[in-house]
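This report concerns only the one structure given below.
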Amino acid sequence: MQFISDVFHRNLNLNQVIKMTPSGIVSIHNGTAVHLDPKKGTENGITFVSHAHIDHLHRQNGGLVLTSRQTSEIAKIRGYTIENYCEKYENFSLIDAGHILGAKGLLFGDGVFYTGDISIRGRAFMEGAKVPKCKTLITECTFGMPEYVFPKIDDTVKRVNEIISDSYSRGRPVILLGYELGKAQILSYLFSHWQPYYHDSVKKVNDVYRNFGIVLPDSLGHSEAESSGLLNKKPWLMIAPNLSGKNAFVQNMKSKYGAITIGFSGWAQSSRFAFARQHDYSIPLSDHCDYNELLQLVKVCSPEKIYTVHGFVEEFASDLVKLGYDAQPLVENALDGYF
């Protein structure tokens with residue numbers, strides 16, 4: 001597949017270079033290295049940590065860190081300490097990314113916008129990202145293929161409520177499974193009327209969310225609920241991490257209490273990339289933009305140049321080129337990402 005070459009853009013802005021390295025995305029801005037969600041700690045320049053999912057955290061080796069207070073606090077309970085961080089610095093602006101609590105994109109330099117993981121779709125207490133106009137867009141495209149268009153949240157909630165109601169009518173408890181940071185809190189909010197218990201790991205994160213003013217009902221963790229004999233009083237609902245159907249906890253809940261499991265993932269939207277975690281139900285729900293939302297994001301940003309990262313990078317860049325955009329995947333040694 002051929003992409004529009006940016007070989008002629010190399011000398012347009014000598015103060016700004018963007019490239020993909022083995023450690024992740026690096027922008028050289030006025031002689032300073034800006035590391036965008038690096039894969040490991042950096043010793044110099046500026047590091048941007050978009051949010052607190054484990055694949056975006058690292059051990060610090062020094063330098064200035066740009067991140068949100070929420071990300072710093074959540075990182076602590078995940079075993080990472082973000083020191084010497086700030087939320088504002090010179091011409092660097094953190095943009096709400098709508099992904100999870102504290103998730104940000106970064107607008108900096110000569111109109112460069114890095115999305116990080118992003119969602120422009122509102123979900124429960126999460127507001128969708130309001131993306132800025134920019135000259136250069138570095139966007140994730142986790143679900144950058146046309147088959148990934150997600151149902152409306154209201155339709156998803158209606159379907160899941162029907163499954164829970166049917167299971168309750170048969171005296172069977174239900175476990176909703178989603179990433180313990182981000183999706184589990186959305187599930188806790190959307191299905192709070194069932195007065196769920198929480199897996200201990202989810203309860204820990206929920207407590208942090210409440211400390212930041214997010215209205216999530218408090219409840220018992222699964223260990224306390226089980227030791228108190230409350231799980232024997234069926235039916236009940238529980239919010240748990242995104243565990244495989246083969247996980248010991250899930251198998252124990254199913255064999256001991258007859259629990260029905262519902263797994264939530266954006267991958268459940270496609271039969272080609274089946275969300276095969278051996279659950280009774282798989283429901284499409286994501287904290288990322290779907291395909292149509294990615295196109296809308298690009299339209300609103302109205303960039304002169306687009307780099308795609310993380311996900312279906314070649315497929316989405318190709319689609320953008322067909323729509324008339326100057327787009328290409330940001331990969332190692334691809335003209336070093338100069339523009």
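Every chain in the structure tokens has a letter given in the order shown (A, B, ...), and although residue numbers restart at 1 in each chain, ligands are simply numbered from 1 in the order shown.
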If DSSP is run on the backbone, what residues of segment 226-334 of chain A are alpha helix (DSSP H)? A reply as a compact mmCIF listing (two decimals) with N, CA and C atoms, in the first residue's frame would be ideal.
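Everything below was put into out-v4.txt:
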```
# COMPACT_ATOMS: atom_id res chain seq x y z
N GLU A 226 -18.33 -12.87 50.10
CA GLU A 226 -18.32 -14.32 50.14
C GLU A 226 -18.09 -14.84 51.56
N SER A 227 -17.15 -14.22 52.28
CA SER A 227 -16.87 -14.68 53.65
C SER A 227 -18.05 -14.44 54.58
N ALA A 248 -9.60 -18.85 37.28
CA ALA A 248 -10.05 -19.61 38.46
C ALA A 248 -11.19 -18.92 39.18
N PHE A 249 -11.13 -17.59 39.28
CA PHE A 249 -12.21 -16.85 39.96
C PHE A 249 -13.53 -17.04 39.22
N VAL A 250 -13.51 -16.88 37.91
CA VAL A 250 -14.73 -17.03 37.11
C VAL A 250 -15.27 -18.45 37.20
N GLN A 251 -14.40 -19.42 37.08
CA GLN A 251 -14.84 -20.81 37.15
C GLN A 251 -15.45 -21.13 38.52
N ASN A 252 -14.86 -20.57 39.57
CA ASN A 252 -15.38 -20.80 40.92
C ASN A 252 -16.77 -20.19 41.07
N MET A 253 -16.95 -18.96 40.56
CA MET A 253 -18.25 -18.29 40.64
C MET A 253 -19.32 -19.05 39.85
N LYS A 254 -18.92 -19.64 38.74
CA LYS A 254 -19.88 -20.37 37.93
C LYS A 254 -20.24 -21.72 38.55
N SER A 255 -19.23 -22.44 39.03
CA SER A 255 -19.49 -23.78 39.58
C SER A 255 -20.15 -23.73 40.95
N LYS A 256 -19.76 -22.75 41.75
CA LYS A 256 -20.26 -22.68 43.13
C LYS A 256 -21.61 -21.99 43.23
N TYR A 257 -21.82 -20.95 42.38
CA TYR A 257 -23.05 -20.15 42.50
C TYR A 257 -23.90 -20.15 41.23
N TYR A 291 -15.12 3.31 14.52
CA TYR A 291 -14.64 3.75 13.21
C TYR A 291 -15.25 5.10 12.80
N ASN A 292 -16.57 5.22 12.90
CA ASN A 292 -17.22 6.47 12.49
C ASN A 292 -16.78 7.64 13.36
N GLU A 293 -16.54 7.37 14.63
CA GLU A 293 -16.10 8.44 15.54
C GLU A 293 -14.67 8.87 15.24
N LEU A 294 -13.84 7.93 14.81
CA LEU A 294 -12.49 8.30 14.39
C LEU A 294 -12.54 9.23 13.17
N LEU A 295 -13.42 8.92 12.23
CA LEU A 295 -13.57 9.79 11.06
C LEU A 295 -14.07 11.17 11.47
N GLN A 296 -14.99 11.21 12.43
CA GLN A 296 -15.51 12.49 12.91
C GLN A 296 -14.41 13.28 13.62
N LEU A 297 -13.59 12.58 14.40
CA LEU A 297 -12.46 13.21 15.09
C LEU A 297 -11.54 13.90 14.08
N VAL A 298 -11.19 13.18 13.02
CA VAL A 298 -10.31 13.73 11.99
C VAL A 298 -10.95 14.96 11.34
N LYS A 299 -12.23 14.86 11.07
CA LYS A 299 -12.93 15.97 10.42
C LYS A 299 -12.90 17.22 11.28
N VAL A 300 -13.14 17.07 12.58
CA VAL A 300 -13.15 18.22 13.48
C VAL A 300 -11.75 18.80 13.64
N CYS A 301 -10.75 17.95 13.77
CA CYS A 301 -9.37 18.44 13.91
C CYS A 301 -8.88 19.15 12.65
N VAL A 313 -3.47 0.63 11.84
CA VAL A 313 -2.82 1.85 11.37
C VAL A 313 -2.78 1.95 9.85
N GLU A 314 -2.47 0.86 9.17
CA GLU A 314 -2.39 0.91 7.71
C GLU A 314 -3.77 1.03 7.09
N GLU A 315 -4.72 0.26 7.62
CA GLU A 315 -6.07 0.27 7.06
C GLU A 315 -6.73 1.65 7.22
N PHE A 316 -6.59 2.22 8.42
CA PHE A 316 -7.24 3.51 8.66
C PHE A 316 -6.55 4.62 7.88
N ALA A 317 -5.22 4.60 7.83
CA ALA A 317 -4.51 5.60 7.04
C ALA A 317 -4.91 5.52 5.57
N SER A 318 -5.04 4.30 5.05
CA SER A 318 -5.45 4.12 3.65
C SER A 318 -6.83 4.70 3.39
N ASP A 319 -7.75 4.46 4.33
CA ASP A 319 -9.10 5.03 4.19
C ASP A 319 -9.06 6.55 4.20
N LEU A 320 -8.22 7.12 5.05
CA LEU A 320 -8.11 8.58 5.12
C LEU A 320 -7.53 9.16 3.83
N VAL A 321 -6.54 8.46 3.25
CA VAL A 321 -5.97 8.90 1.98
C VAL A 321 -7.05 8.92 0.90
N LYS A 322 -7.90 7.91 0.87
CA LYS A 322 -8.99 7.85 -0.11
C LYS A 322 -9.97 9.00 0.07
```
Find the residues near Phe48 of chain A: any atom within 6 Å, counting only C-alpha atoms, skip ones fewer than 6 places away on the same chain, and give them as number ranges by chain.
A: 36-37, 65-66
Restricting the output to N, CA and C atoms, write the selected residues as an mmCIF file, in the first residue's frame.
```cif
data_model
loop_
_atom_site.group_PDB
_atom_site.id
_atom_site.type_symbol
_atom_site.label_atom_id
_atom_site.label_comp_id
_atom_site.auth_asym_id
_atom_site.auth_seq_id
_atom_site.Cartn_x
_atom_site.Cartn_y
_atom_site.Cartn_z
ATOM 1 N N LEU A 36 5.973 10.652 23.929
ATOM 2 C CA LEU A 36 4.522 10.497 24.004
ATOM 3 C C LEU A 36 4.175 9.053 24.373
ATOM 4 N N ASP A 37 3.742 8.861 25.618
ATOM 5 C CA ASP A 37 3.434 7.520 26.122
ATOM 6 C C ASP A 37 4.567 6.531 25.816
ATOM 7 N N VAL A 65 7.512 15.306 33.713
ATOM 8 C CA VAL A 65 6.390 14.477 33.274
ATOM 9 C C VAL A 65 5.133 15.333 33.188
ATOM 10 N N LEU A 66 4.466 15.288 32.067
ATOM 11 C CA LEU A 66 3.164 15.919 31.890
ATOM 12 C C LEU A 66 2.092 14.852 32.026
#
```
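The coordinates place atom CA of Pro284 of chain A at 21.1 Å from atom CA of Tyr198 of chain A.
Those residues of segment 166-325 of chain A that DSSP, working from the backbone, places in strand (DSSP E or B) are Val174, Ile175, Leu176, Leu177, Tyr197, Tyr198, Gly221, Leu237, Met238, Ile239, Ala240, Ile260, Thr261, Ile262, Gly263, Phe264, Tyr281, Ser282, Ile283, Lys305, Ile306, Tyr307, Thr308, Val309, His310 and Gly311 of chain A.
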Written file, previous selection with N, CA and C atoms, as a PDB file, in the first residue's frame:
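Generated file (selection_12.pdb):
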```pdb
ATOM      1  N   VAL A 174     -25.304 -12.812  38.270  1.00  0.00           N
ATOM      2  CA  VAL A 174     -24.685 -12.345  37.031  1.00  0.00           C
ATOM      3  C   VAL A 174     -23.399 -11.601  37.358  1.00  0.00           C
ATOM      4  N   ILE A 175     -22.365 -11.862  36.565  1.00  0.00           N
ATOM      5  CA  ILE A 175     -21.101 -11.140  36.700  1.00  0.00           C
ATOM      6  C   ILE A 175     -20.844 -10.370  35.410  1.00  0.00           C
ATOM      7  N   LEU A 176     -20.665  -9.057  35.542  1.00  0.00           N
ATOM      8  CA  LEU A 176     -20.310  -8.206  34.417  1.00  0.00           C
ATOM      9  C   LEU A 176     -18.801  -8.006  34.425  1.00  0.00           C
ATOM     10  N   LEU A 177     -18.135  -8.303  33.300  1.00  0.00           N
ATOM     11  CA  LEU A 177     -16.678  -8.259  33.260  1.00  0.00           C
ATOM     12  C   LEU A 177     -16.176  -7.205  32.281  1.00  0.00           C
ATOM     13  N   TYR A 197     -22.224  -6.133  43.921  1.00  0.00           N
ATOM     14  CA  TYR A 197     -20.965  -6.273  44.651  1.00  0.00           C
ATOM     15  C   TYR A 197     -19.842  -5.973  43.660  1.00  0.00           C
ATOM     16  N   TYR A 198     -18.638  -5.757  44.192  1.00  0.00           N
ATOM     17  CA  TYR A 198     -17.486  -5.501  43.332  1.00  0.00           C
ATOM     18  C   TYR A 198     -16.389  -6.522  43.591  1.00  0.00           C
ATOM     19  N   GLY A 221     -16.610  -5.681  48.626  1.00  0.00           N
ATOM     20  CA  GLY A 221     -15.767  -6.424  47.708  1.00  0.00           C
ATOM     21  C   GLY A 221     -16.154  -7.889  47.754  1.00  0.00           C
ATOM     22  N   LEU A 237     -25.674  -9.359  41.601  1.00  0.00           N
ATOM     23  CA  LEU A 237     -24.867  -8.864  40.487  1.00  0.00           C
ATOM     24  C   LEU A 237     -23.482  -8.500  41.007  1.00  0.00           C
ATOM     25  N   MET A 238     -22.457  -8.763  40.197  1.00  0.00           N
ATOM     26  CA  MET A 238     -21.096  -8.395  40.572  1.00  0.00           C
ATOM     27  C   MET A 238     -20.389  -7.781  39.361  1.00  0.00           C
ATOM     28  N   ILE A 239     -19.568  -6.751  39.638  1.00  0.00           N
ATOM     29  CA  ILE A 239     -18.722  -6.149  38.613  1.00  0.00           C
ATOM     30  C   ILE A 239     -17.307  -6.666  38.835  1.00  0.00           C
ATOM     31  N   ALA A 240     -16.705  -7.259  37.822  1.00  0.00           N
ATOM     32  CA  ALA A 240     -15.386  -7.882  37.961  1.00  0.00           C
ATOM     33  C   ALA A 240     -14.484  -7.459  36.801  1.00  0.00           C
ATOM     34  N   ILE A 260     -23.978 -16.386  35.739  1.00  0.00           N
ATOM     35  CA  ILE A 260     -23.954 -16.068  34.318  1.00  0.00           C
ATOM     36  C   ILE A 260     -22.903 -14.985  34.106  1.00  0.00           C
ATOM     37  N   THR A 261     -22.075 -15.094  33.068  1.00  0.00           N
ATOM     38  CA  THR A 261     -21.041 -14.098  32.832  1.00  0.00           C
ATOM     39  C   THR A 261     -21.313 -13.318  31.546  1.00  0.00           C
ATOM     40  N   ILE A 262     -21.100 -11.998  31.637  1.00  0.00           N
ATOM     41  CA  ILE A 262     -21.261 -11.107  30.486  1.00  0.00           C
ATOM     42  C   ILE A 262     -19.963 -10.329  30.320  1.00  0.00           C
ATOM     43  N   GLY A 263     -19.257 -10.565  29.220  1.00  0.00           N
ATOM     44  CA  GLY A 263     -18.008  -9.871  28.947  1.00  0.00           C
ATOM     45  C   GLY A 263     -18.239  -8.668  28.055  1.00  0.00           C
ATOM     46  N   PHE A 264     -17.559  -7.554  28.354  1.00  0.00           N
ATOM     47  CA  PHE A 264     -17.734  -6.309  27.605  1.00  0.00           C
ATOM     48  C   PHE A 264     -16.424  -5.926  26.925  1.00  0.00           C
ATOM     49  N   TYR A 281     -22.240 -14.342  27.491  1.00  0.00           N
ATOM     50  CA  TYR A 281     -22.618 -13.267  26.573  1.00  0.00           C
ATOM     51  C   TYR A 281     -21.408 -12.363  26.354  1.00  0.00           C
ATOM     52  N   SER A 282     -21.273 -11.845  25.127  1.00  0.00           N
ATOM     53  CA  SER A 282     -20.242 -10.857  24.811  1.00  0.00           C
ATOM     54  C   SER A 282     -20.931  -9.627  24.239  1.00  0.00           C
ATOM     55  N   ILE A 283     -20.694  -8.480  24.881  1.00  0.00           N
ATOM     56  CA  ILE A 283     -21.383  -7.247  24.531  1.00  0.00           C
ATOM     57  C   ILE A 283     -20.378  -6.204  24.043  1.00  0.00           C
ATOM     58  N   LYS A 305      -1.738  17.120   8.221  1.00  0.00           N
ATOM     59  CA  LYS A 305      -1.012  15.861   8.198  1.00  0.00           C
ATOM     60  C   LYS A 305      -1.537  14.964   9.309  1.00  0.00           C
ATOM     61  N   ILE A 306      -1.660  13.660   9.011  1.00  0.00           N
ATOM     62  CA  ILE A 306      -2.162  12.703   9.999  1.00  0.00           C
ATOM     63  C   ILE A 306      -1.208  11.522  10.078  1.00  0.00           C
ATOM     64  N   TYR A 307      -0.872  11.144  11.310  1.00  0.00           N
ATOM     65  CA  TYR A 307      -0.141   9.906  11.566  1.00  0.00           C
ATOM     66  C   TYR A 307      -1.043   8.985  12.374  1.00  0.00           C
ATOM     67  N   THR A 308      -1.151   7.744  11.950  1.00  0.00           N
ATOM     68  CA  THR A 308      -1.955   6.763  12.671  1.00  0.00           C
ATOM     69  C   THR A 308      -1.048   5.882  13.515  1.00  0.00           C
ATOM     70  N   VAL A 309      -1.469   5.636  14.761  1.00  0.00           N
ATOM     71  CA  VAL A 309      -0.702   4.807  15.691  1.00  0.00           C
ATOM     72  C   VAL A 309      -1.657   3.898  16.452  1.00  0.00           C
ATOM     73  N   HIS A 310      -1.181   2.744  16.857  1.00  0.00           N
ATOM     74  CA  HIS A 310      -1.921   1.840  17.744  1.00  0.00           C
ATOM     75  C   HIS A 310      -3.245   1.363  17.139  1.00  0.00           C
ATOM     76  N   GLY A 311      -3.231   0.202  16.559  1.00  0.00           N
ATOM     77  CA  GLY A 311      -4.455  -0.380  16.024  1.00  0.00           C
ATOM     78  C   GLY A 311      -4.312  -0.706  14.551  1.00  0.00           C
TER      79      GLY A 311
END
```
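Proximity to Asn211 of chain A was assessed for A:Arg69, A:His35, A:Lys183, A:Lys40 counting only C-alpha atoms; the smallest distance is recorded for A:Arg69.
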Residue neighbourhood Pro241 of chain A, 8 Å, only C-alpha atoms, exclusion window fewer than 3 positions, as number ranges by chain:
A: 177-180, 184, 199, 201-202
Selected residues written out with N, CA and C atoms, as a tab-separated table (two decimals), in the first residue's frame:
```tsv
chain	number	residue	atom	x	y	z
A	177	LEU	N	-18.14	-8.30	33.30
A	177	LEU	CA	-16.68	-8.26	33.26
A	177	LEU	C	-16.18	-7.20	32.28
A	178	GLY	N	-15.38	-6.27	32.80
A	178	GLY	CA	-14.77	-5.23	31.98
A	178	GLY	C	-13.48	-4.80	32.64
A	179	TYR	N	-12.60	-4.13	31.89
A	179	TYR	CA	-11.31	-3.72	32.45
A	179	TYR	C	-11.51	-3.05	33.80
A	180	GLU	N	-10.67	-3.44	34.77
A	180	GLU	CA	-10.87	-2.96	36.15
A	180	GLU	C	-10.69	-1.46	36.28
A	184	ALA	N	-14.97	-0.96	34.10
A	184	ALA	CA	-15.66	-1.46	35.29
A	184	ALA	C	-16.40	-0.34	36.00
A	199	HIS	N	-15.73	-6.95	42.54
A	199	HIS	CA	-14.48	-7.68	42.74
A	199	HIS	C	-13.54	-6.75	43.51
A	201	SER	N	-10.51	-5.88	43.29
A	201	SER	CA	-9.68	-4.97	42.49
A	201	SER	C	-10.50	-3.83	41.91
A	202	VAL	N	-11.74	-4.10	41.55
A	202	VAL	CA	-12.62	-3.06	41.03
A	202	VAL	C	-13.00	-2.09	42.15
```
List as a compact mmCIF listing (two decimals) with N, CA and C atoms, in the first residue's frame the protein and nucleic acid residues near Pro151 of chain A, meaning an atom at most 9 Å away when only C-alpha atoms are counted, but skip any in the same chain fewer than 2 places from it.
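The resulting part.txt:
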```
# COMPACT_ATOMS: atom_id res chain seq x y z
N VAL A 149 -18.36 -0.40 14.44
CA VAL A 149 -19.29 0.68 14.75
C VAL A 149 -20.16 0.18 15.88
N ILE A 153 -25.27 3.53 23.54
CA ILE A 153 -25.19 3.13 24.94
C ILE A 153 -26.55 2.72 25.49
N ASP A 154 -27.59 3.47 25.15
CA ASP A 154 -28.94 3.14 25.65
C ASP A 154 -29.38 1.76 25.20
N ASP A 155 -29.04 1.40 23.96
CA ASP A 155 -29.40 0.08 23.46
C ASP A 155 -28.64 -1.01 24.19
N THR A 156 -27.37 -0.74 24.48
CA THR A 156 -26.56 -1.71 25.23
C THR A 156 -27.10 -1.91 26.63
N GLN A 269 -17.77 -6.62 18.77
CA GLN A 269 -18.54 -6.13 17.63
C GLN A 269 -18.29 -6.93 16.37
N PRO A 284 -20.64 -5.58 22.88
CA PRO A 284 -19.74 -4.52 22.40
C PRO A 284 -19.85 -3.27 23.27
N LEU A 285 -18.76 -2.91 23.91
CA LEU A 285 -18.70 -1.68 24.70
C LEU A 285 -17.23 -1.30 24.80
```
For Pro132 of chain A, list every protein, DNA or RNA residue within 12 Å, evaluated using only C-alpha atoms, and leave out those in the same chain fewer than 6 positions away; present the list as a PyMOL selection string.
chain A and resi 93-97+105-108+111-115+120+297-303
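Using only C-alpha atoms, the protein and nucleic acid residues lying no more than 9 Å from Thr67 of chain A, apart from those fewer than 3 places from it along its own chain, are Thr47, Phe48, Val49, Ser50, His51, Gln70, Thr71, Ser72, Ile82, Tyr85, Cys86, Glu87, Lys88, Leu94, Gly102, Ala103 and Lys104 of chain A.
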Selection above as a file: N, CA and C atoms, as an mmCIF file, in the first residue's frame:
```
data_model
loop_
_atom_site.group_PDB
_atom_site.id
_atom_site.type_symbol
_atom_site.label_atom_id
_atom_site.label_comp_id
_atom_site.auth_asym_id
_atom_site.auth_seq_id
_atom_site.Cartn_x
_atom_site.Cartn_y
_atom_site.Cartn_z
ATOM 1 N N THR A 47 8.217 13.953 29.236
ATOM 2 C CA THR A 47 7.446 12.722 29.038
ATOM 3 C C THR A 47 5.970 13.014 29.253
ATOM 4 N N PHE A 48 5.147 12.586 28.320
ATOM 5 C CA PHE A 48 3.700 12.724 28.459
ATOM 6 C C PHE A 48 3.094 11.354 28.721
ATOM 7 N N VAL A 49 2.372 11.233 29.844
ATOM 8 C CA VAL A 49 1.661 10.000 30.195
ATOM 9 C C VAL A 49 0.174 10.297 30.065
ATOM 10 N N SER A 50 -0.460 9.697 29.067
ATOM 11 C CA SER A 50 -1.840 10.068 28.751
ATOM 12 C C SER A 50 -2.853 9.568 29.763
ATOM 13 N N HIS A 51 -2.626 8.370 30.331
ATOM 14 C CA HIS A 51 -3.568 7.832 31.305
ATOM 15 C C HIS A 51 -2.924 6.667 32.039
ATOM 16 N N GLN A 70 -5.359 13.003 38.320
ATOM 17 C CA GLN A 70 -6.075 11.734 38.429
ATOM 18 C C GLN A 70 -5.200 10.564 37.994
ATOM 19 N N THR A 71 -4.479 10.751 36.893
ATOM 20 C CA THR A 71 -3.584 9.683 36.420
ATOM 21 C C THR A 71 -2.504 9.391 37.452
ATOM 22 N N SER A 72 -1.957 10.431 38.055
ATOM 23 C CA SER A 72 -0.927 10.239 39.075
ATOM 24 C C SER A 72 -1.459 9.447 40.261
ATOM 25 N N ILE A 82 4.442 8.587 39.979
ATOM 26 C CA ILE A 82 4.782 9.614 38.999
ATOM 27 C C ILE A 82 5.202 10.863 39.763
ATOM 28 N N TYR A 85 5.641 15.737 38.294
ATOM 29 C CA TYR A 85 4.714 15.894 37.177
ATOM 30 C C TYR A 85 4.026 17.245 37.256
ATOM 31 N N CYS A 86 3.500 17.682 36.135
ATOM 32 C CA CYS A 86 2.716 18.911 36.111
ATOM 33 C C CYS A 86 1.616 18.780 35.068
ATOM 34 N N GLU A 87 0.582 19.587 35.233
ATOM 35 C CA GLU A 87 -0.550 19.572 34.310
ATOM 36 C C GLU A 87 -0.487 20.728 33.317
ATOM 37 N N LYS A 88 0.369 21.702 33.596
ATOM 38 C CA LYS A 88 0.536 22.839 32.701
ATOM 39 C C LYS A 88 2.017 23.136 32.549
ATOM 40 N N LEU A 94 -3.005 20.015 28.042
ATOM 41 C CA LEU A 94 -3.648 18.715 28.205
ATOM 42 C C LEU A 94 -5.115 18.841 27.799
ATOM 43 N N GLY A 102 -9.156 10.964 34.064
ATOM 44 C CA GLY A 102 -7.826 11.537 34.002
ATOM 45 C C GLY A 102 -7.129 11.407 32.670
ATOM 46 N N ALA A 103 -7.711 10.705 31.708
ATOM 47 C CA ALA A 103 -7.061 10.516 30.409
ATOM 48 C C ALA A 103 -7.000 11.835 29.646
ATOM 49 N N LYS A 104 -5.843 12.097 29.047
ATOM 50 C CA LYS A 104 -5.632 13.349 28.323
ATOM 51 C C LYS A 104 -4.981 13.091 26.974
#
```
Report the distance between atom CA of Phe312 of chain A and atom CA of Asp55 of chain A in Å, rounded to one decimal place.
17.8 Å
From the options A:Ser27, A:Arg159, A:His58, A:Leu64, which residue's atoms come nearest to Gly45 of chain A, counting only C-alpha atoms?
A:Leu64
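Note that atom CA of Asn91 of chain A and atom CA of Glu73 of chain A are 24.3 Å apart.
Compared by their closest atoms to Gly266 of chain A, and using only C-alpha atoms, the residues A:Asp280, A:Asp200, A:Asp290, A:Glu90 rank with A:Asp290 nearest.
Take the candidates A:Leu230, A:Leu187, A:Leu243, A:Leu101 and check each one against Ile214 of chain A using only C-alpha atoms; the shortest distance goes to A:Leu101.
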